[in-house]
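Content type CSV, C-alpha atoms and all ligand atoms, from the file input-v7.csv:
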```csv
chain,number,residue,atom,x,y,z
A,1,MET,CA,-1.3,6.1,-34.9
A,2,SER,CA,-4.8,5.1,-33.8
A,3,GLU,CA,-7.0,7.3,-31.7
A,4,ARG,CA,-10.4,6.5,-30.2
A,5,LYS,CA,-13.1,8.9,-31.3
A,6,SER,CA,-14.2,11.1,-28.4
A,7,ASP,CA,-17.6,10.3,-27.1
A,8,PRO,CA,-19.7,13.4,-26.3
A,9,ASP,CA,-21.9,11.3,-24.0
A,10,ARG,CA,-19.1,10.0,-21.9
A,11,SER,CA,-18.9,11.8,-18.5
A,12,GLU,CA,-15.7,13.2,-17.3
A,13,GLY,CA,-15.5,10.5,-14.7
A,14,GLU,CA,-15.5,7.8,-17.3
A,15,ARG,CA,-12.3,8.8,-18.9
A,16,ALA,CA,-11.5,7.0,-22.1
A,17,PHE,CA,-7.9,6.2,-22.9
A,18,PHE,CA,-6.7,8.2,-25.9
A,19,GLY,CA,-3.4,7.7,-27.7
A,20,ARG,CA,-1.3,5.3,-29.8
A,21,ARG,CA,-0.7,1.8,-28.7
A,22,LYS,CA,1.3,0.6,-31.7
A,23,GLY,CA,3.6,2.4,-34.1
A,24,HIS,CA,6.4,0.9,-36.2
A,25,LYS,CA,6.5,-2.8,-36.7
A,26,LEU,CA,8.6,-4.4,-34.0
A,27,ARG,CA,11.9,-6.0,-34.9
A,28,GLN,CA,12.2,-9.7,-34.2
A,29,HIS,CA,14.1,-9.3,-30.9
A,30,GLN,CA,11.8,-6.6,-29.8
A,31,ALA,CA,8.8,-8.9,-30.4
A,32,GLU,CA,10.6,-11.6,-28.5
A,33,LEU,CA,11.1,-9.3,-25.5
A,34,ILE,CA,7.4,-8.4,-25.6
A,35,ASN,CA,6.3,-12.0,-25.8
A,36,HIS,CA,8.8,-13.5,-23.3
A,37,LEU,CA,10.3,-10.8,-21.0
A,38,LEU,CA,7.2,-8.5,-20.6
A,39,PRO,CA,5.0,-11.2,-19.0
A,40,HIS,CA,7.6,-11.7,-16.2
A,41,LEU,CA,7.7,-8.0,-15.4
A,42,SER,CA,4.0,-7.0,-16.0
A,43,LEU,CA,1.7,-6.1,-13.2
A,44,ASP,CA,-1.6,-7.8,-13.3
A,45,ILE,CA,-4.2,-5.3,-12.2
A,46,THR,CA,-7.1,-7.9,-12.6
A,47,VAL,CA,-6.0,-9.5,-9.3
A,48,PRO,CA,-6.7,-7.8,-6.0
A,49,ARG,CA,-4.3,-5.0,-5.1
A,50,PRO,CA,-1.4,-6.2,-2.8
A,51,ALA,CA,-1.6,-5.4,0.9
A,52,ASN,CA,2.0,-4.2,0.7
A,53,ALA,CA,3.0,-2.8,-2.7
A,54,ALA,CA,6.7,-3.0,-1.9
A,55,GLU,CA,6.4,-6.8,-2.2
A,56,ILE,CA,5.7,-6.5,-5.9
A,57,PHE,CA,9.5,-6.6,-5.9
A,58,ASP,CA,11.6,-9.5,-4.6
A,59,PRO,CA,13.3,-8.6,-2.4
A,60,ALA,CA,10.7,-6.0,-1.3
A,61,ALA,CA,11.6,-2.5,-2.4
A,62,GLU,CA,12.6,0.1,0.1
A,63,ASP,CA,10.6,2.7,-1.7
A,64,LEU,CA,8.2,2.7,-4.7
A,65,ARG,CA,8.0,5.1,-7.6
A,66,LEU,CA,5.9,5.4,-10.7
A,67,GLU,CA,6.7,6.9,-14.1
A,68,ILE,CA,3.6,7.6,-16.3
A,69,GLY,CA,4.1,7.5,-20.1
A,70,PHE,CA,7.8,6.7,-20.1
A,71,GLY,CA,8.1,6.8,-23.9
A,72,GLY,CA,11.5,5.5,-24.9
A,73,GLY,CA,12.3,4.8,-21.2
A,74,GLU,CA,15.5,6.8,-21.0
A,75,HIS,CA,14.5,8.5,-17.7
A,76,LEU,CA,13.0,5.4,-16.2
A,77,ALA,CA,16.0,3.2,-16.9
A,78,ALA,CA,18.5,5.8,-15.6
A,79,GLU,CA,16.5,6.4,-12.4
A,80,ALA,CA,16.2,2.6,-11.8
A,81,GLN,CA,20.0,2.2,-12.1
A,82,ASN,CA,20.7,5.3,-9.9
A,83,PHE,CA,18.4,4.0,-7.2
A,84,PRO,CA,18.8,0.2,-7.1
A,85,THR,CA,16.9,-0.3,-3.8
A,86,THR,CA,13.9,1.6,-5.0
A,87,GLY,CA,11.2,-0.3,-7.0
A,88,PHE,CA,10.1,1.5,-10.2
A,89,ILE,CA,6.8,1.0,-12.0
A,90,GLY,CA,6.7,2.1,-15.6
A,91,CYS,CA,3.4,2.7,-17.3
A,92,GLU,CA,3.2,3.0,-21.1
A,93,PRO,CA,0.5,1.7,-23.4
A,94,TYR,CA,2.7,2.3,-26.5
A,95,VAL,CA,4.1,-1.1,-27.5
A,96,ASN,CA,7.2,0.4,-29.2
A,97,GLY,CA,8.1,2.2,-25.9
A,98,MET,CA,7.5,-1.0,-24.0
A,99,ALA,CA,10.0,-2.8,-26.4
A,100,LYS,CA,12.6,-0.1,-25.8
A,101,ILE,CA,12.5,-0.3,-22.0
A,102,LEU,CA,12.6,-4.1,-22.2
A,103,ALA,CA,15.8,-3.8,-24.4
A,104,GLN,CA,17.4,-1.5,-21.8
A,105,ILE,CA,16.3,-3.8,-18.9
A,106,GLU,CA,17.9,-6.7,-20.7
A,107,ALA,CA,21.1,-4.9,-21.8
A,108,ALA,CA,21.8,-3.5,-18.3
A,109,ASN,CA,20.3,-6.3,-16.3
A,110,ILE,CA,18.0,-3.9,-14.4
A,111,GLY,CA,16.1,-5.8,-11.7
A,112,ASN,CA,14.0,-3.1,-10.1
A,113,ILE,CA,11.5,-2.2,-12.8
A,114,ARG,CA,7.9,-3.6,-13.2
A,115,LEU,CA,5.7,-2.6,-16.1
A,116,PHE,CA,2.1,-1.9,-17.0
A,117,ALA,CA,1.2,-1.6,-20.7
A,118,GLY,CA,-2.0,0.4,-20.3
A,119,ASP,CA,-3.7,3.5,-19.0
A,120,ALA,CA,-2.1,5.0,-15.9
A,121,ALA,CA,-5.5,5.9,-14.5
A,122,GLU,CA,-6.3,2.2,-14.3
A,123,LEU,CA,-3.0,1.4,-12.6
A,124,LEU,CA,-3.5,4.2,-10.1
A,125,ALA,CA,-6.9,2.9,-9.2
A,126,TRP,CA,-5.3,-0.5,-8.4
A,127,LEU,CA,-2.4,0.7,-6.3
A,128,PRO,CA,-2.8,0.7,-2.5
A,129,ASP,CA,-3.2,3.9,-0.5
A,130,ALA,CA,0.0,5.7,0.4
A,131,SER,CA,2.2,3.2,-1.5
A,132,LEU,CA,4.4,5.5,-3.6
A,133,SER,CA,7.0,8.1,-2.8
A,134,ARG,CA,7.0,9.7,-6.2
A,135,ILE,CA,5.1,9.9,-9.5
A,136,ASP,CA,6.8,11.4,-12.6
A,137,LEU,CA,4.8,12.6,-15.6
A,138,ILE,CA,7.3,13.8,-18.2
A,139,HIS,CA,6.2,15.5,-21.4
A,140,PRO,CA,2.7,14.1,-21.4
A,141,ASP,CA,0.6,14.2,-24.6
A,142,PRO,CA,-0.3,18.0,-24.7
A,143,TRP,CA,-3.7,17.9,-26.4
A,144,PRO,CA,-3.4,21.6,-27.3
A,145,LYS,CA,-6.9,22.0,-28.8
A,146,ARG,CA,-9.5,23.3,-26.3
A,147,ARG,CA,-11.9,20.5,-27.3
A,148,HIS,CA,-9.3,17.9,-26.4
A,149,TRP,CA,-8.3,19.3,-23.0
A,150,LYS,CA,-10.4,16.7,-21.3
A,151,ARG,CA,-8.0,14.1,-22.7
A,152,ARG,CA,-5.0,15.6,-20.8
A,153,PHE,CA,-3.8,13.3,-18.1
A,154,VAL,CA,-3.9,15.9,-15.4
A,155,GLN,CA,-7.5,16.3,-14.3
A,156,ASP,CA,-9.1,16.7,-10.9
A,157,ARG,CA,-9.8,13.0,-10.7
A,158,THR,CA,-6.3,11.9,-11.7
A,159,ILE,CA,-4.9,14.4,-9.2
A,160,ALA,CA,-7.1,12.8,-6.5
A,161,ALA,CA,-6.0,9.4,-7.6
A,162,MET,CA,-2.4,10.4,-7.3
A,163,ALA,CA,-3.0,12.0,-3.9
A,164,ARG,CA,-4.5,8.7,-2.7
A,165,VAL,CA,-1.5,6.5,-3.7
A,166,LEU,CA,1.3,9.0,-2.7
A,167,LYS,CA,2.7,8.9,0.8
A,168,ALA,CA,2.6,12.1,2.9
A,169,GLY,CA,5.7,13.9,1.8
A,170,GLY,CA,5.8,12.1,-1.5
A,171,GLU,CA,6.1,14.0,-4.8
A,172,PHE,CA,4.3,14.4,-8.1
A,173,ARG,CA,6.8,15.7,-10.6
A,174,PHE,CA,5.6,17.1,-14.0
A,175,VAL,CA,7.8,18.2,-16.9
A,176,CYS,CA,6.2,19.9,-19.9
A,177,ASP,CA,7.3,22.2,-22.7
A,178,ILE,CA,3.7,23.4,-23.6
A,179,ASP,CA,3.1,26.6,-21.6
A,180,ASP,CA,-0.7,26.2,-21.7
A,181,TYR,CA,-0.5,22.7,-20.2
A,182,CYS,CA,2.0,23.9,-17.5
A,183,ALA,CA,-0.5,26.7,-16.6
A,184,TRP,CA,-3.3,24.1,-16.6
A,185,THR,CA,-1.4,21.8,-14.3
A,186,LEU,CA,-0.5,24.6,-11.9
A,187,SER,CA,-4.1,25.8,-11.7
A,188,HIS,CA,-5.5,22.2,-11.2
A,189,LEU,CA,-2.9,21.5,-8.5
A,190,ALA,CA,-3.4,24.9,-6.8
A,191,ARG,CA,-7.0,23.9,-6.1
A,192,ALA,CA,-6.0,20.4,-4.9
A,193,PRO,CA,-5.8,20.6,-1.1
A,194,ASP,CA,-3.5,17.6,-0.9
A,195,PHE,CA,-0.6,19.1,-2.9
A,196,GLN,CA,1.8,22.0,-2.4
A,197,TRP,CA,3.9,23.5,-5.2
A,198,LEU,CA,7.5,23.4,-4.1
A,199,ALA,CA,8.9,26.3,-6.2
A,200,GLU,CA,10.3,29.3,-4.3
A,201,ARG,CA,12.1,31.0,-7.2
A,202,ALA,CA,11.9,30.8,-11.0
A,203,ASP,CA,15.0,28.6,-11.3
A,204,ASP,CA,13.1,26.0,-9.3
A,205,PHE,CA,10.9,25.3,-12.2
A,206,ARG,CA,12.9,26.6,-15.2
A,207,LYS,CA,15.8,24.2,-14.6
A,208,PRO,CA,15.6,20.4,-14.3
A,209,TRP,CA,16.3,19.0,-10.8
A,210,ALA,CA,19.7,17.5,-10.0
A,211,GLY,CA,20.2,14.2,-11.8
A,212,TYR,CA,17.4,14.6,-14.3
A,213,THR,CA,17.8,12.5,-17.4
A,214,MET,CA,16.6,14.3,-20.6
A,215,THR,CA,14.1,12.4,-22.7
A,216,ARG,CA,13.4,12.1,-26.4
A,217,TYR,CA,10.5,14.6,-26.1
A,218,GLY,CA,12.6,16.9,-24.0
A,219,ARG,CA,15.4,17.0,-26.7
A,220,LYS,CA,12.8,17.6,-29.4
A,221,ALA,CA,11.3,20.5,-27.5
A,222,ALA,CA,14.8,22.0,-27.0
A,223,ARG,CA,15.6,21.6,-30.7
A,224,GLU,CA,12.4,23.4,-31.6
A,225,GLY,CA,13.1,26.2,-29.2
A,226,ARG,CA,10.6,25.4,-26.5
A,227,LYS,CA,11.7,25.6,-22.9
A,228,ALA,CA,10.3,23.1,-20.5
A,229,ALA,CA,9.0,23.7,-17.0
A,230,TYR,CA,9.9,21.3,-14.2
A,231,LEU,CA,7.2,21.4,-11.6
A,232,ARG,CA,7.3,19.6,-8.2
A,233,PHE,CA,4.4,19.2,-5.9
A,234,ARG,CA,4.6,17.7,-2.4
A,235,ARG,CA,1.8,15.5,-1.1
A,236,ARG,CA,0.8,17.0,2.2
A,301,LIG,C1,4.7,12.9,-25.6
A,301,LIG,S1,5.1,11.2,-25.1
A,301,LIG,C2,6.4,11.5,-24.0
A,301,LIG,C3,7.2,10.3,-23.7
A,301,LIG,C4,8.4,10.4,-22.7
A,301,LIG,N1,7.9,10.7,-21.4
A,301,LIG,C5,9.4,11.5,-23.2
A,301,LIG,O1,9.5,12.5,-22.5
A,301,LIG,O2,10.0,11.3,-24.2
A,301,LIG,C6,3.7,10.8,-24.0
A,301,LIG,C7,3.7,9.4,-23.7
A,301,LIG,O3,2.6,9.2,-22.7
A,301,LIG,C8,1.9,8.0,-23.1
A,301,LIG,N2,0.6,8.0,-22.5
A,301,LIG,C9,-0.5,8.8,-23.0
A,301,LIG,N3,-1.5,8.6,-22.2
A,301,LIG,C10,-1.2,7.7,-21.2
A,301,LIG,C11,-1.9,7.1,-20.1
A,301,LIG,N4,-3.2,7.4,-19.9
A,301,LIG,N5,-1.2,6.3,-19.3
A,301,LIG,C12,0.1,6.0,-19.5
A,301,LIG,N6,0.8,6.6,-20.6
A,301,LIG,C13,0.2,7.4,-21.4
A,301,LIG,C14,2.0,7.9,-24.6
A,301,LIG,O4,1.8,6.6,-25.1
A,301,LIG,C15,3.3,8.5,-24.9
A,301,LIG,O5,4.3,7.5,-25.0
```
Represent the structure of the file as structure tokens.
Amino acid sequence: MSERKSDPDRSEGERAFFGRRKGHKLRQHQAELINHLLPHLSLDITVPRPANAAEIFDPAAEDLRLEIGFGGGEHLAAEAQNFPTTGFIGCEPYVNGMAKILAQIEAANIGNIRLFAGDAAELLAWLPDASLSRIDLIHPDPWPKRRHWKRRFVQDRTIAAMARVLKAGGEFRFVCDIDDYCAWTLSHLARAPDFQWLAERADDFRKPWAGYTMTRYGRKAAREGRKAAYLRFRRR
């Protein structure tokens, strides 16, 4: 696991990417998928952003969604299969996670996923205004120590970036089993004028929404006795 050293001189606006990019050595077939399948499915954010993001997919997707930090890809693969006319963008810098989603795409012949193997903040900056109907952030890296809170994905500037790319009525969905990060996210979103928290009663955030696919980190939290919160925010 590699981690960039934090730079005390770096301003909040110049967020560094923190996290692992590579773990276990890839098996031969996984390496082949990274070398031969990933290039066909990868978004190239060095080219100008498309005028119509739905045309990232062929045929053009009816709707576009993004999952940030999909890990093993269980949730992303399930959603893509459940909503075949929706285009899904999966963002994950961890190469072993990328290999896992590629294996699922190959095995189930999933045609409506595109991938970005980097920092979701860079991908958000590239996407056109009002192009997505939903963004999922499921069990993000919690960065529990106070001095690392600035590394959490949810920050005022990433909230503003998500507001820009979400359509009015679109949703940001956040799942987390670390109480402090849930409170952090609620307080950051509460001061964001573009978002409205959708919970009306406790069950709205204590229980997963209908059709939710549990992830590896969700199962780990449950095994270790931590209850996750399922937060939904609507883009005004
Ligand atoms: C705790 S894991 C959770 C994985 C998966 N969502 C799950 O629930 O099992 C967090 C994931 O977010 C990814 N990640 C961290 N920072 C990210 C960023 N800036 N952009 C995209 N993904 C990121 C990490 O590589 C890691 O795979």
Do a neighbour search on region 115-127 of chain A at 6 Å with all atoms listed in the file, toss out local chain neighbours closer than 2 positions, and write the hits as a list in words. Leu41, Ser42, Leu43, Arg49, Ile89, Gly90, Cys91, Glu92 and Pro93 of chain A
Pick from A:Gly72, A:Gly169, A:Pro128, A:Pro144, whichever lies nearest to ligand LIG 301 (chain A) using all atoms listed in the file: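 Comparing A:Gly72, A:Gly169, A:Pro128, A:Pro144 against ligand LIG 301 (chain A), the winner is A:Gly72.
Note that CA of Val154 (chain A) and CA of Tyr217 (chain A) are 18.0 Å apart.
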Check the smallest atom-to-atom distance from each of A:Thr85, A:Gln155, A:Gln104, A:Thr215 to Arg191 (chain A) using only C-alpha atoms, then report the winner.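 The closest residue to Arg191 (chain A) is A:Gln155.
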Could you tell me how far CA of Lys22 (chain A) lies from CA of Asn96 (chain A), in Å and to one decimal?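 Separation between CA of Lys22 (chain A) and CA of Asn96 (chain A): 6.4 Å.
When all atoms listed in the file are used to measure the gap to Lys145 (chain A), the shortest distance among A:Asn52, A:Tyr181, A:Ile159, A:Cys176 belongs to A:Tyr181.
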Coordinates-based distance that separates CA of Leu66 (chain A) from CA of Arg27 (chain A) (Å, one decimal):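 Computing it gives 27.4 Å between the two atoms.
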So which one's closest to Glu62 (chain A), A:Gly97, A:Glu106, A:Ser131, A:Leu37? Using all atoms listed in the file, please. A:Ser131
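Distance check against Ala54 (chain A) using all atoms listed in the file: of A:His36, A:His24, A:Arg114, A:Arg216, the minimum falls on A:Arg114.
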Quick one: residues within 12 Å of Cys182 (chain A), only C-alpha atoms counted, chain neighbours fewer than 3 positions away excluded, as a list in words?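 So, after excluding close chain neighbours, the residues are Leu137, Ile138, His139, Pro140, Pro142, Pro144, Arg152, Val154, Arg173, Phe174, Val175, Cys176, Asp177, Ile178, Asp179, Thr185, Leu186, Ser187, His188, Leu189, Phe205, Arg206, Lys227, Ala228, Ala229, Tyr230, Leu231 and Arg232 of chain A.
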For ligand LIG 301 (chain A), which residue out of A:Glu74, A:Asp141, A:Glu200, A:Glu79 is the nearest one, using all atoms listed in the file? A:Asp141
